[in-house]
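Asker: Pasting upload12.csv below, which is CSV, C-alpha atoms.
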chain,number,residue,atom,x,y,z
F,1,MET,CA,4.2,175.8,287.2
F,2,VAL,CA,5.7,178.6,285.3
F,3,ARG,CA,9.2,177.0,285.5
F,4,ASN,CA,7.7,173.7,284.3
F,5,ASP,CA,6.0,175.4,281.4
F,6,ILE,CA,9.2,177.1,280.4
F,7,MET,CA,11.0,173.8,280.6
F,8,ASP,CA,8.3,172.1,278.5
F,9,GLU,CA,8.5,174.8,275.9
F,10,GLY,CA,12.3,174.5,275.8
F,11,LEU,CA,12.1,170.8,275.3
F,12,GLY,CA,9.5,171.2,272.6
F,13,ALA,CA,11.8,173.6,270.8
F,14,GLN,CA,14.7,171.2,271.1
F,15,ARG,CA,12.6,168.4,269.6
F,16,VAL,CA,11.5,170.6,266.7
F,17,LEU,CA,15.1,171.6,266.0
F,18,PHE,CA,16.3,168.0,266.2
F,19,LEU,CA,13.6,166.9,263.7
F,20,VAL,CA,14.5,169.7,261.3
F,21,VAL,CA,18.2,168.7,261.5
F,22,MET,CA,17.5,165.0,260.9
F,23,LEU,CA,15.2,165.7,258.0
F,24,SER,CA,17.9,168.0,256.4
F,25,VAL,CA,20.5,165.2,256.8
F,26,ALA,CA,18.1,162.6,255.3
F,27,PHE,CA,17.3,164.8,252.4
F,28,ALA,CA,21.0,165.6,251.7
F,29,ARG,CA,21.6,161.8,251.6
F,30,LEU,CA,19.0,161.1,248.9
F,31,PRO,CA,20.9,159.0,246.3
F,32,PHE,CA,19.9,161.0,243.3
F,33,PHE,CA,20.4,164.5,244.7
F,34,ASP,CA,23.8,166.1,245.2
F,35,ASN,CA,23.8,169.3,247.2
F,36,GLY,CA,26.5,171.8,246.5
F,37,PRO,CA,27.2,174.8,248.7
F,38,ASP,CA,23.7,175.8,248.0
F,39,ALA,CA,20.6,174.0,246.7
F,40,SER,CA,19.6,176.7,244.3
F,41,PRO,CA,17.0,175.7,241.7
F,42,PRO,CA,17.6,176.2,238.0
F,43,THR,CA,17.5,179.7,236.7
F,44,GLN,CA,14.9,180.8,234.3
F,45,THR,CA,17.6,181.1,231.7
F,46,THR,CA,18.5,177.5,232.1
F,47,CYS,CA,14.8,176.4,232.0
F,48,ASP,CA,14.3,178.5,228.8
F,49,ALA,CA,17.3,176.9,227.1
F,50,PHE,CA,16.0,173.4,227.9
F,51,ALA,CA,12.5,174.3,226.7
F,52,ALA,CA,13.9,175.7,223.4
F,53,TYR,CA,15.6,172.5,222.5
F,54,ALA,CA,13.7,171.1,219.6
F,55,GLY,CA,16.3,168.5,218.3
F,56,PRO,CA,15.9,164.8,218.2
F,57,ARG,CA,15.4,162.6,221.2
F,58,ILE,CA,18.7,162.0,223.0
F,59,VAL,CA,19.7,158.9,225.0
F,60,ALA,CA,22.9,159.2,227.1
F,61,VAL,CA,24.4,156.0,228.4
F,62,GLY,CA,27.2,155.9,230.9
F,63,ASP,CA,30.3,153.8,231.4
F,64,VAL,CA,30.1,150.2,230.1
F,65,HIS,CA,33.3,148.7,231.3
F,66,GLY,CA,33.3,145.5,229.2
F,67,ASP,CA,29.7,144.5,230.0
F,68,TYR,CA,28.1,143.9,226.7
F,69,ASN,CA,24.9,142.4,228.1
F,70,ALA,CA,24.3,145.4,230.4
F,71,LEU,CA,24.8,147.8,227.4
F,72,ARG,CA,22.4,145.9,225.2
F,73,GLU,CA,19.7,145.7,227.9
F,74,VAL,CA,19.8,149.5,228.4
F,75,LEU,CA,19.7,150.2,224.7
F,76,ALA,CA,16.7,147.8,224.4
F,77,ALA,CA,14.9,149.6,227.2
F,78,ALA,CA,15.5,152.9,225.5
F,79,GLY,CA,14.0,151.5,222.2
F,80,LEU,CA,17.3,151.8,220.3
F,81,VAL,CA,17.8,148.1,219.6
F,82,GLY,CA,15.4,145.2,219.5
F,83,ASP,CA,14.3,143.1,222.5
F,84,ALA,CA,15.9,139.9,221.2
F,85,SER,CA,18.7,138.9,223.5
F,86,GLU,CA,21.4,139.0,220.9
F,87,SER,CA,20.1,142.0,218.9
F,88,CYS,CA,22.3,144.9,218.2
F,89,GLU,CA,20.4,146.4,215.2
F,90,TRP,CA,19.3,150.0,215.2
F,91,THR,CA,15.6,150.6,216.0
F,92,GLY,CA,15.9,154.1,217.3
F,93,GLU,CA,14.7,155.9,214.2
F,94,ASP,CA,15.9,159.5,214.4
F,95,ALA,CA,17.1,159.4,218.0
F,96,THR,CA,20.7,160.3,219.0
F,97,LEU,CA,22.6,157.8,221.3
F,98,ILE,CA,25.5,159.2,223.2
F,99,GLN,CA,27.8,156.7,225.0
F,100,ILE,CA,29.9,158.7,227.5
F,101,GLY,CA,33.1,156.7,227.3
F,102,ASP,CA,34.9,154.0,229.3
F,103,VAL,CA,33.7,151.0,227.3
F,104,ALA,CA,37.1,149.6,228.1
F,105,ASP,CA,38.4,147.6,231.1
F,106,ARG,CA,36.9,145.8,234.1
F,107,GLY,CA,34.8,143.4,232.1
F,108,PRO,CA,35.6,140.8,229.5
F,109,ASP,CA,33.4,141.9,226.6
F,110,VAL,CA,35.1,145.2,225.6
F,111,ALA,CA,35.4,144.2,221.9
F,112,ARG,CA,31.8,143.0,221.7
F,113,ALA,CA,30.5,146.2,223.2
F,114,ASN,CA,32.6,148.3,220.9
F,115,GLU,CA,31.4,146.2,217.9
F,116,CYS,CA,27.8,146.8,218.9
F,117,LEU,CA,28.3,150.6,219.1
F,118,ARG,CA,30.3,150.6,215.9
F,119,ALA,CA,27.4,148.8,214.1
F,120,LEU,CA,24.8,151.1,215.5
F,121,GLN,CA,26.9,154.1,214.5
F,122,ALA,CA,27.0,152.9,210.9
F,123,ALA,CA,23.3,151.9,210.7
F,124,ALA,CA,21.6,154.8,212.5
F,125,PRO,CA,22.0,157.5,209.8
F,126,ALA,CA,19.8,155.6,207.4
F,127,ASP,CA,16.9,156.3,209.7
F,128,GLY,CA,17.9,159.8,210.5
F,129,GLY,CA,19.5,158.8,213.8
F,130,ARG,CA,23.0,159.2,215.2
F,131,VAL,CA,25.4,157.5,217.5
F,132,VAL,CA,28.1,159.5,219.3
F,133,ARG,CA,30.9,157.6,221.0
F,134,LEU,CA,33.1,159.5,223.5
F,135,VAL,CA,36.5,158.8,225.0
F,136,GLY,CA,36.9,157.9,228.7
F,137,ASN,CA,40.0,157.9,230.9
F,138,HIS,CA,40.2,154.1,230.5
F,139,GLU,CA,40.6,154.4,226.7
F,140,LEU,CA,43.4,156.9,227.3
F,141,ILE,CA,45.1,154.6,229.8
F,142,ARG,CA,45.2,151.9,227.1
F,143,ALA,CA,46.4,154.3,224.5
F,144,GLU,CA,49.3,155.1,226.8
F,145,GLY,CA,50.2,151.4,226.6
F,146,SER,CA,48.8,150.2,230.0
F,147,PHE,CA,46.3,147.4,230.4
F,148,ARG,CA,46.4,147.3,234.1
F,149,ASP,CA,42.6,147.4,234.5
F,150,ALA,CA,41.9,144.9,231.7
F,151,HIS,CA,39.9,141.8,232.5
F,152,PRO,CA,42.0,138.6,232.3
F,153,ARG,CA,39.7,137.0,229.8
F,154,GLU,CA,39.7,140.0,227.4
F,155,ALA,CA,41.3,139.2,224.1
F,156,ALA,CA,42.9,141.3,221.3
F,157,ARG,CA,43.7,144.2,223.6
F,158,ILE,CA,46.5,145.8,221.5
F,159,ALA,CA,44.5,145.4,218.3
F,160,SER,CA,41.5,147.2,219.9
F,161,VAL,CA,43.7,150.2,220.7
F,162,ARG,CA,44.8,150.5,217.1
F,163,ILE,CA,41.2,150.4,215.9
F,164,TRP,CA,40.3,153.0,218.5
F,165,ARG,CA,43.1,155.3,217.3
F,166,SER,CA,41.9,155.0,213.7
F,167,GLU,CA,38.3,155.8,214.8
F,168,VAL,CA,39.4,158.9,216.7
F,169,GLU,CA,41.4,160.1,213.6
F,170,ALA,CA,38.3,159.5,211.4
F,171,GLY,CA,36.0,161.4,213.8
F,172,ALA,CA,34.0,158.3,214.8
F,173,VAL,CA,35.1,158.7,218.4
F,174,GLN,CA,35.3,162.1,220.1
F,175,ALA,CA,36.3,163.7,223.4
F,176,GLY,CA,33.3,166.0,223.5
F,177,PHE,CA,29.9,166.6,221.9
F,178,ALA,CA,27.5,169.5,222.2
F,179,VAL,CA,23.9,170.0,221.1
F,180,GLY,CA,21.7,172.9,222.1
F,181,PRO,CA,22.4,173.6,225.8
F,182,PHE,CA,23.8,170.1,226.5
F,183,LEU,CA,27.5,169.4,226.7
F,184,PHE,CA,28.7,165.7,226.9
F,185,THR,CA,32.2,164.8,228.0
F,186,HIS,CA,33.5,161.9,230.0
F,187,SER,CA,33.9,163.6,233.4
F,188,GLY,CA,33.2,167.3,232.8
F,189,PHE,CA,34.8,170.8,232.9
F,190,ARG,CA,35.5,171.8,236.5
F,191,PRO,CA,35.3,175.5,237.4
F,192,SER,CA,39.1,176.0,237.4
F,193,MET,CA,39.4,174.6,233.9
F,194,LEU,CA,36.5,176.8,232.7
F,195,ARG,CA,38.3,179.8,234.1
F,196,ARG,CA,41.5,178.8,232.4
F,197,LEU,CA,40.0,178.3,229.0
F,198,GLN,CA,37.7,181.3,228.9
F,199,ARG,CA,35.3,179.4,226.7
F,200,ARG,CA,31.7,179.3,227.9
F,201,THR,CA,29.5,177.7,225.2
F,202,PRO,CA,28.9,174.0,224.8
F,203,ASP,CA,30.1,174.1,221.2
F,204,GLU,CA,33.3,176.0,222.1
F,205,LEU,CA,34.2,173.6,224.9
F,206,ALA,CA,33.5,170.5,222.9
F,207,ALA,CA,35.6,171.8,220.0
F,208,HIS,CA,38.5,172.5,222.4
F,209,VAL,CA,38.7,169.0,223.8
F,210,ASN,CA,38.3,167.4,220.4
F,211,ASP,CA,41.1,169.5,219.0
F,212,ARG,CA,43.4,168.5,221.9
F,213,LEU,CA,42.6,164.8,221.5
F,214,THR,CA,43.4,164.9,217.8
F,215,ARG,CA,46.7,166.7,218.5
F,216,ALA,CA,47.6,164.2,221.2
F,217,LEU,CA,47.3,161.3,218.8
F,218,GLN,CA,50.0,162.8,216.7
F,219,THR,CA,52.4,161.8,219.6
F,220,CYS,CA,51.6,158.1,219.4
F,221,VAL,CA,54.5,155.8,218.5
F,222,GLU,CA,54.7,152.0,218.1
F,223,THR,CA,57.5,150.1,219.8
F,224,ALA,CA,57.7,146.3,219.6
F,225,GLY,CA,54.2,146.1,218.3
F,226,THR,CA,52.7,148.1,221.2
F,227,ALA,CA,51.3,151.6,220.6
F,228,SER,CA,51.9,154.3,223.1
F,229,CYS,CA,50.6,157.8,223.2
F,230,SER,CA,51.4,160.8,225.4
F,231,PHE,CA,48.5,162.9,226.8
F,232,ARG,CA,50.1,166.0,228.3
F,233,ASP,CA,47.6,168.8,227.7
F,234,ASP,CA,45.6,170.1,230.7
F,235,VAL,CA,42.4,168.5,229.5
F,236,PHE,CA,44.0,165.1,230.1
F,237,SER,CA,45.4,166.0,233.5
F,238,ALA,CA,44.3,164.7,236.9
F,239,GLY,CA,43.6,167.3,239.5
F,240,PRO,CA,44.8,167.5,243.1
F,241,ASP,CA,41.7,165.6,244.2
F,242,ARG,CA,43.0,162.6,242.2
F,243,GLY,CA,46.6,163.0,243.4
F,244,GLY,CA,47.6,164.8,240.2
F,245,ARG,CA,49.5,168.0,239.7
F,246,GLY,CA,47.3,169.4,236.9
F,247,VAL,CA,44.3,171.6,237.0
F,248,GLY,CA,42.0,168.6,236.4
F,249,GLY,CA,40.7,167.8,232.9
F,250,THR,CA,37.6,166.3,231.3
F,251,PHE,CA,38.7,162.7,231.8
F,252,TRP,CA,39.6,162.5,235.5
F,253,THR,CA,37.2,164.9,237.3
F,254,ASP,CA,35.2,163.1,239.9
F,255,TRP,CA,31.5,163.9,240.2
F,256,GLY,CA,32.0,165.4,243.7
F,257,VAL,CA,34.0,168.3,242.1
F,258,LEU,CA,31.1,169.2,239.9
F,259,SER,CA,28.3,168.5,242.4
F,260,SER,CA,29.9,170.7,245.1
F,261,ALA,CA,30.9,173.7,242.9
F,262,PRO,CA,29.1,177.0,243.7
F,263,GLN,CA,26.4,177.7,241.1
F,264,VAL,CA,28.1,180.9,240.0
F,265,ASP,CA,31.2,178.9,238.9
F,266,LEU,CA,29.3,176.8,236.3
F,267,PRO,CA,27.9,178.3,233.2
F,268,ASP,CA,24.2,179.2,233.1
F,269,ALA,CA,21.9,177.8,230.4
F,270,MET,CA,24.2,174.7,230.0
F,271,MET,CA,23.9,171.2,231.4
F,272,GLN,CA,27.1,169.2,231.6
F,273,ILE,CA,26.3,165.5,231.2
F,274,VAL,CA,29.2,163.2,232.3
F,275,GLY,CA,30.1,159.7,233.4
F,276,HIS,CA,33.3,158.5,235.2
F,277,THR,CA,31.9,158.3,238.8
F,278,ALA,CA,29.9,155.1,239.2
F,279,ALA,CA,26.8,155.0,241.3
F,280,ARG,CA,27.6,153.1,244.5
F,281,CYS,CA,24.0,152.2,245.4
F,282,SER,CA,22.2,149.0,244.7
F,283,PRO,CA,18.7,149.1,243.1
F,284,ARG,CA,17.7,146.2,245.3
F,285,SER,CA,17.8,148.6,248.3
F,286,GLY,CA,14.8,150.4,246.9
F,287,ARG,CA,16.4,153.8,247.4
F,288,CYS,CA,18.8,153.7,244.4
F,289,GLU,CA,18.6,156.3,241.6
F,290,PRO,CA,21.7,155.7,239.6
F,291,ILE,CA,21.5,159.0,237.6
F,292,ARG,CA,22.5,161.9,239.9
F,293,PHE,CA,22.2,165.6,239.2
F,294,ARG,CA,22.7,169.1,240.6
F,295,PRO,CA,19.5,170.8,241.8
F,296,ASP,CA,20.2,173.7,239.5
F,297,LEU,CA,20.5,171.2,236.6
F,298,ARG,CA,24.0,172.5,235.5
F,299,ALA,CA,25.4,169.0,235.6
F,300,ALA,CA,24.3,165.4,235.7
F,301,VAL,CA,26.2,162.1,235.9
F,302,VAL,CA,25.1,159.1,234.0
F,303,ASP,CA,27.6,156.5,235.1
F,304,ALA,CA,25.0,154.2,236.7
F,305,GLY,CA,27.5,151.4,237.4
F,306,LEU,CA,26.2,149.2,234.5
F,307,SER,CA,29.0,146.7,234.8
F,308,ARG,CA,29.1,143.7,237.1
F,309,ALA,CA,32.4,145.2,238.3
F,310,TYR,CA,30.2,147.9,240.0
F,311,GLY,CA,26.5,147.6,240.8
F,312,SER,CA,24.9,146.1,237.7
F,313,ASN,CA,22.5,149.0,237.6
F,314,ARG,CA,20.5,149.7,234.5
F,315,ALA,CA,19.8,153.4,233.7
F,316,TYR,CA,20.1,156.1,231.1
F,317,LEU,CA,19.3,159.8,230.7
F,318,GLU,CA,16.7,160.9,228.1
F,319,ILE,CA,16.3,164.4,226.6
F,320,ASP,CA,13.1,164.7,224.6
F,321,LYS,CA,11.1,167.9,223.6
F,322,GLY,CA,12.9,170.0,226.2
F,323,ARG,CA,12.3,167.5,229.0
F,324,VAL,CA,15.3,165.8,230.8
F,325,SER,CA,14.5,162.5,232.5
F,326,SER,CA,16.4,159.9,234.4
F,327,ARG,CA,15.3,156.4,233.8
F,328,TRP,CA,16.4,153.3,235.7
F,329,LEU,CA,15.4,149.7,236.3
F,330,ARG,CA,13.8,148.9,239.6
F,331,PRO,CA,14.1,145.2,240.5
F,332,GLY,CA,11.1,143.3,241.8
F,333,SER,CA,10.6,142.3,245.4
F,334,ALA,CA,8.1,140.4,247.5
F,335,THR,CA,5.9,143.6,247.5
F,336,ARG,CA,6.4,145.1,244.1
F,337,ARG,CA,6.8,144.1,240.5
F,338,PRO,CA,10.0,144.9,238.5
F,339,GLY,CA,10.0,147.7,235.9
F,340,TRP,CA,11.5,150.9,234.7
F,341,THR,CA,11.0,154.1,236.7
F,342,HIS,CA,11.7,157.7,235.7
F,343,ARG,CA,12.1,161.1,237.2
F,344,ASN,CA,11.5,164.3,235.2
F,345,LEU,CA,14.4,166.5,236.2
F,346,THR,CA,12.9,169.5,234.5
F,347,ASP,CA,10.0,169.4,236.9
F,348,ALA,CA,12.3,171.8,238.8
F,349,CYS,CA,11.5,174.4,236.1
F,350,THR,CA,7.7,174.2,236.5
F,351,GLY,CA,7.5,175.8,240.0
F,352,ARG,CA,6.3,172.5,241.4
F,353,GLY,CA,9.8,171.3,242.4
F,354,LEU,CA,11.0,167.8,241.9
F,355,GLU,CA,8.3,165.3,242.1
F,356,GLY,CA,8.8,161.7,243.1
F,357,PRO,CA,9.8,159.0,240.6
F,358,LYS,CA,7.2,157.6,238.2
F,359,PHE,CA,6.8,153.9,237.5
F,360,SER,CA,6.3,152.8,234.0
F,361,SER,CA,6.3,149.4,232.2
F,362,ARG,CA,8.8,150.7,229.6
Take the structure in this file and express it as structure tokens.

Answerer:
Amino acid sequence: MVRNDIMDEGLGAQRVLFLVVMLSVAFARLPFFDNGPDASPPTQTTCDAFAAYAGPRIVAVGDVHGDYNALREVLAAAGLVGDASESCEWTGEDATLIQIGDVADRGPDVARANECLRALQAAAPADGGRVVRLVGNHELIRAEGSFRDAHPREAARIASVRIWRSEVEAGAVQAGFAVGPFLFTHSGFRPSMLRRLQRRTPDELAAHVNDRLTRALQTCVETAGTASCSFRDDVFSAGPDRGGRGVGGTFWTDWGVLSSAPQVDLPDAMMQIVGHTAARCSPRSGRCEPIRFRPDLRAAVVDAGLSRAYGSNRAYLEIDKGRVSSRWLRPGSATRRPGWTHRNLTDACTGRGLEGPKFSSR
């Protein structure tokens, strides 16, 4: 009897250990949550910086890749344009829209998507709003003279690069943007780049990449009607994880580099908001949250895979009154109605931890 009791206790302990391991694996695989070397919560300094943000509402939209309809649907859901199917007129009042780059390639409606963003950028200031347009690696590829990822039905490709260059020179398109504790670039500053630059504030980092982009455009030349630029600074380099020889800049850093970085290697009181790495989940699965983030809130990725070339997800990140929320469209099914769902990322600052997503009709 004693031996059997011991065996039963041993088997019970094994079952408990097995259950703990399986739950840990399942949690680590949640589609919205990227565990780094640790799952540290946000520091009080980070939470205080978010709470202190008193600027206008911010809507960050990820890579578009030539899918105008997807872009317009997300903007309408965020209240920045009207609900009419062809509307691209500003209704966002004093909000700030930030498009994270990579409007180009993959889909056929690159020009139309850029025209929409350009029109909104011109119209928003009349209502106190603002539209920030960032550069992605696919814009850089085109500026180098390559259209290898262009959709076969896309027209006026070379002309679109000339327009893009003139907009960068005029400051209408940027490499980085900072407001409060939030830093927006296409793919983010990895730890090795941060150490090299010795710049730690969002404003300093945004100013650095904008300066490097402006300088790089001075190298552009036109040959036989085709413009070609050379992007040689470290900020434009691909790191070893991408097969490159550089340190890895703010246009080619995959999300896994940021999500797996130790907390100490990323600045406190700053959230990097990036695109570049598309969500590979389908909302029809019922488990897809296309906006992903670090548990310490030092980085989030908003490339939801809007384009049909990826998952046709609909999502955006919202910052309003110190609250950071991810919002995404949940399709309907036989047992549930369709609608927009949101998760308040800054619940992690309240001591309650991250609560489940909330359904809303918005």

Asker: At what distance in Å, to one decimal, does atom CA of F:Ser160 lie from atom CA of F:Ala111?

Answerer: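 Result for atom CA of F:Ala111 versus atom CA of F:Ser160: 7.1 Å, one decimal.
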
Asker: Quote the spacing between atom CA of F:Asn344 and atom CA of F:Thr46 in Å to one decimal place.

Answerer: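 Answer for the atom CA of F:Asn344 to atom CA of F:Thr46 separation: 15.3 Å.
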
Asker: Work out how far apart atom CA of F:Gly101 and atom CA of F:Cys116 are and give it in Å to one decimal.

Answerer: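 Atom CA of F:Cys116 lies 14.0 Å from atom CA of F:Gly101.
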
Asker: Measuring between all atoms listed in the file, which one of F:Gln99, F:Ser260, F:Ser282, F:Asn137 shows the shortest distance to F:Asn313?

Answerer: F:Ser282

Asker: Can you pull out the residues contacting stretch 118-120 of chain F? Cut-off 10 Å, using only C-alpha atoms, and skip same-chain residues under 5 positions away; I want them as a list in words.

Answerer: Leu80, Val81, Cys88, Glu89, Trp90, Thr91, Gly92, Leu97, Arg112, Ala113, Pro125, Gly129, Arg130, Val131, Val132, Arg133, Glu167, Ala172 and Val173 of chain F

Asker: Convert the current residue selection to file output with C-alpha atoms, as a PDB file, keeping the file's coordinate frame.

Answerer:
ATOM      1  CA  LEU F  80      17.300 151.800 220.300  1.00  0.00           C
ATOM      2  CA  VAL F  81      17.800 148.100 219.600  1.00  0.00           C
ATOM      3  CA  CYS F  88      22.300 144.900 218.200  1.00  0.00           C
ATOM      4  CA  GLU F  89      20.400 146.400 215.200  1.00  0.00           C
ATOM      5  CA  TRP F  90      19.300 150.000 215.200  1.00  0.00           C
ATOM      6  CA  THR F  91      15.600 150.600 216.000  1.00  0.00           C
ATOM      7  CA  GLY F  92      15.900 154.100 217.300  1.00  0.00           C
ATOM      8  CA  LEU F  97      22.600 157.800 221.300  1.00  0.00           C
ATOM      9  CA  ARG F 112      31.800 143.000 221.700  1.00  0.00           C
ATOM     10  CA  ALA F 113      30.500 146.200 223.200  1.00  0.00           C
ATOM     11  CA  PRO F 125      22.000 157.500 209.800  1.00  0.00           C
ATOM     12  CA  GLY F 129      19.500 158.800 213.800  1.00  0.00           C
ATOM     13  CA  ARG F 130      23.000 159.200 215.200  1.00  0.00           C
ATOM     14  CA  VAL F 131      25.400 157.500 217.500  1.00  0.00           C
ATOM     15  CA  VAL F 132      28.100 159.500 219.300  1.00  0.00           C
ATOM     16  CA  ARG F 133      30.900 157.600 221.000  1.00  0.00           C
ATOM     17  CA  GLU F 167      38.300 155.800 214.800  1.00  0.00           C
ATOM     18  CA  ALA F 172      34.000 158.300 214.800  1.00  0.00           C
ATOM     19  CA  VAL F 173      35.100 158.700 218.400  1.00  0.00           C
TER      20      VAL F 173
END

Asker: Nearest residue to F:Glu144 out of F:Arg106, F:His65, F:Arg232, F:His276, using only C-alpha atoms?

Answerer: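 Ranking F:Arg106, F:His65, F:Arg232, F:His276 by distance to F:Glu144, first place goes to F:Arg232.
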
Asker: Which of these residues is nearest to F:Ile58, using all atoms listed in the file: F:Glu204, F:Asp320, F:Asp102, F:Glu73?

Answerer: F:Asp320

Asker: Fewer than 4 positions away in the same chain doesn't count, so skip those; otherwise give me all residues within 9 Å of F:Thr346, counting only C-alpha atoms, as a PyMOL selection string.

Answerer: chain F and resi 42+47+50+297+322-325+350+353-354

Asker: So that I can check the surroundings of F:Thr219, please list as an mmCIF file with C-alpha atoms, in the coordinates of the input every protein, DNA and RNA residue that reaches within 10 Å of it, counting all atoms listed in the file and ignoring chain neighbours fewer than 2 positions away.

Answerer:
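Result file part.cif:
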data_model
loop_
_atom_site.group_PDB
_atom_site.id
_atom_site.type_symbol
_atom_site.label_atom_id
_atom_site.label_comp_id
_atom_site.auth_asym_id
_atom_site.auth_seq_id
_atom_site.Cartn_x
_atom_site.Cartn_y
_atom_site.Cartn_z
ATOM 1 C CA THR F 214 43.400 164.900 217.800
ATOM 2 C CA ARG F 215 46.700 166.700 218.500
ATOM 3 C CA ALA F 216 47.600 164.200 221.200
ATOM 4 C CA LEU F 217 47.300 161.300 218.800
ATOM 5 C CA VAL F 221 54.500 155.800 218.500
ATOM 6 C CA SER F 228 51.900 154.300 223.100
ATOM 7 C CA CYS F 229 50.600 157.800 223.200
ATOM 8 C CA SER F 230 51.400 160.800 225.400
ATOM 9 C CA PHE F 231 48.500 162.900 226.800
ATOM 10 C CA ARG F 232 50.100 166.000 228.300
#

Asker: Residues within 10 Å of F:Arg142, please, as a PyMOL selection string. Count all atoms listed in the file; anything in the same chain fewer than 3 positions from it doesn't count.

Answerer: chain F and resi 104-105+137-139+145-150+157-158+160-161+164+227-229

Asker: F:Leu75, F:Val168, F:Val110, F:Met193: which is nearest F:Glu154, counting only C-alpha atoms?

Answerer: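 Ranked by minimum distance to F:Glu154, first place goes to F:Val110.
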
Asker: Between F:Ser326, F:Thr341, F:Ser187, F:Ser312, which one has atoms that come closest to F:Gly66, using all atoms listed in the file?

Answerer: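 Of F:Ser326, F:Thr341, F:Ser187, F:Ser312, the one nearest F:Gly66 is F:Ser312, counting all atoms listed in the file.
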
Asker: Which one of F:Val274, F:Val209, F:Val264, F:Ala269 sits closest to F:Gly188 if you count only C-alpha atoms?

Answerer: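 Between F:Val274, F:Val209, F:Val264, F:Ala269, the residue approaching F:Gly188 most closely is F:Val274.
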
Asker: Extract, using all atoms listed in the file, all DNA, RNA and protein residues at most 8 Å from F:Trp328, discarding same-chain residues fewer than 3 positions from it, and format them as number ranges by chain.

Answerer: F: 289-291, 313-316, 340-342
